[in-house]
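Visitor: After the structure tokens below, expect a handful of questions from me.
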Amino acid sequence: MKALVVRLDSFGDVLLAGPAVRAVAAHSSEVTMLCGPRGEPAARLLPGVTDVMVWEAPWEGFDPPTVAAADTEGLIRRLRKEAFDTALVLTSFHQSPLPTALLLRLAGVPRIGADSVDHPGRLLDVRHQRLPGRHEAEAALDTAAAMGWLLPPGDDGRLRVVPTPDTIALTGNGPYVVVHPGASAPARAWNPDRCAEAVELLGEAGHRVVVTGGPDEVGLTRKVSGDTAVDLGGRTDPRTLAGVLRIADAVICGNTGPAHLAAAVGTPVVSLFAPVVPAERWAPYGVPCVLLGDQRAPCADSRARRCPVPGHPCLDEVTGQDVVAAVHKLLEESQ
């Protein structure tokens with residue numbers, strides 16, 4: 001059976017689809033992942049994925065293309081050429097799978113399943129409706145199960161990525177904790193001054209600190225690292241970053257892709273979690289985690305990209321000392 005799994009969102013969203021992808025792969029000869037450009041690097045890290053197709057949908061992302069620029073007819077031709085036997089469309093709790101399902105139906109995919117609140121008409125063969133409060137990783141697995149795809153025996157359903165490289169040349173010898181200060185949405189990012197304070201306090205507490213960030217975050221990582229940390233800003237691709245996170249004692253970051261990447265390599269997370277989306281659905285999955293941030297702040301469940309509350313109190317009231325205490329709690333629990 002030739003299967004297609006669709007997840008058109010960001011890097012972290014695609015990582016959270018990983019257990020469901022493995023469930024599909026356990027029952028298929030080939031699994032192709034259809035994702036957007038932001039999710040492509042994560043799709044290439046997922047065990048069970050045979051091939052990756054990239055398409056930017058006009059209904060996803062922070063700055064989606066126009067319908068004309070998205071070339072839906074071109075996508076339909078590509079899908080029809082691949083002749084998939086079945087497709088699983090994965091979405092977040094607030095998204096509809098039906099636009100994607102319509103394109104798949106036009107491409108001749110004979111069996112399509114998804115989680116849908118909206119009545120699907122003839123667009124879905126299997127319409128699943130998620131249980132309240134399910135984590136996104138669990139909801140995706142539930143949808144795969146509704147299609148008849150269960151994880152194989154021995155698979156614990158946690159996040160997972162392909163083997164990672166040795167990164168000691170980047171991090172140096174000895175234990176360390178990682179601080180990742182950036183986030184794709186400003187509402188989910190901790191104040192850089194607070195973050196720099198945490199790095200300094202971690203160093204004073206005897207921890208080696210490694211600061212990570214993307215190519216567009218080198219100024220931020222330089223500021224946060226100061227004279228204390230190893231600054232890897234702009235020096236890691238996703239697979240290398242996975243290697244850096246895998247060896248860390250703990251990872252400190254917001255609700256962003258590296259938090260889910262840390263979970264995928266089994267590393268505990270101190271999660272500076274802005275409640276613009278619910279933690280029960282988006283917190284680091286399957287690893288020890290300390291959640292910091294006021295989950296009852298006025299911005300809760302707003303899905304805001306920029307904090308709507310002056311002073312960003314949900315995160316900025318978290319101190320560097322709070323982070324140090326959370327790291328020590330995780331380290332004590334792991335002994």
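Chain labels run A, B, ... following the order of the structure tokens; each chain numbers its residues from 1, and ligands are numbered from 1 in the order shown.
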Can you tell me, as a PDB file with C-alpha atoms, in the first residue's frame, what residues are no more than 10 Å from segment 200-205 of chain A when counting only C-alpha atoms, ignoring any on the same chain fewer than 3 positions away?

Guide:
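Below is the file part_15.pdb, written as the result:
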ATOM      1  CA  TYR A 176      25.848  21.020  29.421  1.00  0.00           C
ATOM      2  CA  VAL A 177      22.377  22.514  29.276  1.00  0.00           C
ATOM      3  CA  ARG A 194      15.730  37.521  31.251  1.00  0.00           C
ATOM      4  CA  CYS A 195      17.234  34.827  29.083  1.00  0.00           C
ATOM      5  CA  ALA A 196      20.727  36.309  29.414  1.00  0.00           C
ATOM      6  CA  GLU A 197      20.211  36.472  33.171  1.00  0.00           C
ATOM      7  CA  ARG A 208      28.120  24.615  31.094  1.00  0.00           C
ATOM      8  CA  VAL A 209      25.651  26.376  28.805  1.00  0.00           C
ATOM      9  CA  VAL A 224      22.089  35.852  25.444  1.00  0.00           C
ATOM     10  CA  SER A 225      25.404  33.965  25.493  1.00  0.00           C
ATOM     11  CA  GLY A 226      27.455  36.892  26.788  1.00  0.00           C
ATOM     12  CA  ASP A 227      30.816  35.712  28.105  1.00  0.00           C
ATOM     13  CA  THR A 228      29.290  32.608  29.693  1.00  0.00           C
ATOM     14  CA  ALA A 229      27.918  30.266  27.041  1.00  0.00           C
ATOM     15  CA  GLY A 320      16.350  33.483  35.739  1.00  0.00           C
ATOM     16  CA  GLN A 321      16.341  31.907  39.160  1.00  0.00           C
ATOM     17  CA  VAL A 323      14.787  28.579  35.349  1.00  0.00           C
ATOM     18  CA  VAL A 324      17.783  27.456  37.399  1.00  0.00           C
ATOM     19  CA  ALA A 325      15.463  25.866  39.957  1.00  0.00           C
ATOM     20  CA  VAL A 327      16.772  22.708  35.677  1.00  0.00           C
ATOM     21  CA  HIS A 328      17.851  21.397  39.080  1.00  0.00           C
TER      22      HIS A 328
END

Visitor: From the DSSP assignment of the backbone, select every residue of segment 156-247 of chain A that is strand (DSSP E), and format the answer as a PyMOL selection string.

Guide: chain A and resi 177-180+209-211+230-231

Visitor: Which is closest to Glu82 of chain A among A:Asp13, A:Glu317, A:Asp51, A:Glu40, if we use only C-alpha atoms?

Guide: A:Asp51

Visitor: List every residue of segment 15-49 of chain A that DSSP, applied to the backbone, labels as helix (DSSP H, G or I), and write the result as number ranges by chain.

Guide: A: 15-16, 18-25, 40-43

Visitor: Need to verify the contact set: Met53 of chain A, 9 Å, only C-alpha atoms, exclusion of same-chain residues closer than 4 positions in sequence. Can you return it as number ranges by chain?

Guide: A: 32-36, 40

Visitor: Can those selected residues be exported to a file as a PDB file, in the first residue's frame so that it contains N, CA and C atoms?

Guide:
ATOM      1  N   THR A  32       4.799   8.639   1.911  1.00  0.00           N
ATOM      2  CA  THR A  32       5.239   9.967   1.486  1.00  0.00           C
ATOM      3  C   THR A  32       4.626  10.996   2.414  1.00  0.00           C
ATOM      4  N   MET A  33       5.412  11.980   2.801  1.00  0.00           N
ATOM      5  CA  MET A  33       4.926  13.065   3.649  1.00  0.00           C
ATOM      6  C   MET A  33       4.745  14.303   2.783  1.00  0.00           C
ATOM      7  N   LEU A  34       3.552  14.852   2.772  1.00  0.00           N
ATOM      8  CA  LEU A  34       3.277  16.124   2.106  1.00  0.00           C
ATOM      9  C   LEU A  34       3.261  17.204   3.174  1.00  0.00           C
ATOM     10  N   CYS A  35       4.167  18.174   3.038  1.00  0.00           N
ATOM     11  CA  CYS A  35       4.276  19.211   4.069  1.00  0.00           C
ATOM     12  C   CYS A  35       4.629  20.541   3.418  1.00  0.00           C
ATOM     13  N   GLY A  36       4.566  21.601   4.219  1.00  0.00           N
ATOM     14  CA  GLY A  36       4.971  22.913   3.755  1.00  0.00           C
ATOM     15  C   GLY A  36       6.466  23.097   3.867  1.00  0.00           C
ATOM     16  N   GLU A  40       9.309  20.888   6.102  1.00  0.00           N
ATOM     17  CA  GLU A  40      10.115  19.929   5.346  1.00  0.00           C
ATOM     18  C   GLU A  40      11.318  19.396   6.135  1.00  0.00           C
TER      19      GLU A  40
END

Visitor: Please provide as a PyMOL selection string all residues within 8 Å of Leu159 of chain A, with the sequence filter that same-chain residues fewer than 3 positions apart are discarded (counting only C-alpha atoms).

Guide: chain A and resi 15-16+18-19+260+263-265+285-286

Visitor: I'd like the interatomic distance between atom CA of Val251 of chain A and atom CA of Pro47 of chain A, to a tenth of an Å.

Guide: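 Distance reported for this atom pair: 22.6 Å.
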
Visitor: List the neighbours of Pro175 of chain A out to 12 Å using only C-alpha atoms; skip same-chain residues closer than 2 positions along the sequence, and give me the result as an NGL selection string.

Guide: :A and (168 or 171-173 or 177-178 or 206-210 or 244-250 or 331)

Visitor: Any chance you could export the current selection's C-alpha atoms as a compact mmCIF listing (two decimals), in the first residue's frame?

Guide:
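Dumped everything to selection-v9.txt:
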# COMPACT_ATOMS: atom_id res chain seq x y z
CA ILE A 168 31.14 17.25 20.38
CA THR A 171 29.67 21.77 22.05
CA GLY A 172 33.01 20.74 23.58
CA ASN A 173 33.54 18.09 26.22
CA VAL A 177 22.38 22.51 29.28
CA VAL A 178 20.97 24.16 26.16
CA GLY A 206 28.24 25.31 37.79
CA HIS A 207 26.54 24.41 34.51
CA ARG A 208 28.12 24.62 31.09
CA VAL A 209 25.65 26.38 28.80
CA VAL A 210 25.19 26.07 25.04
CA VAL A 244 23.27 18.93 20.25
CA LEU A 245 19.96 18.55 22.10
CA ARG A 246 20.32 14.77 22.47
CA ILE A 247 23.47 15.04 24.60
CA ALA A 248 22.19 17.94 26.75
CA ASP A 249 21.15 17.39 30.36
CA ALA A 250 18.17 19.69 29.79
CA LEU A 331 18.35 16.84 37.02
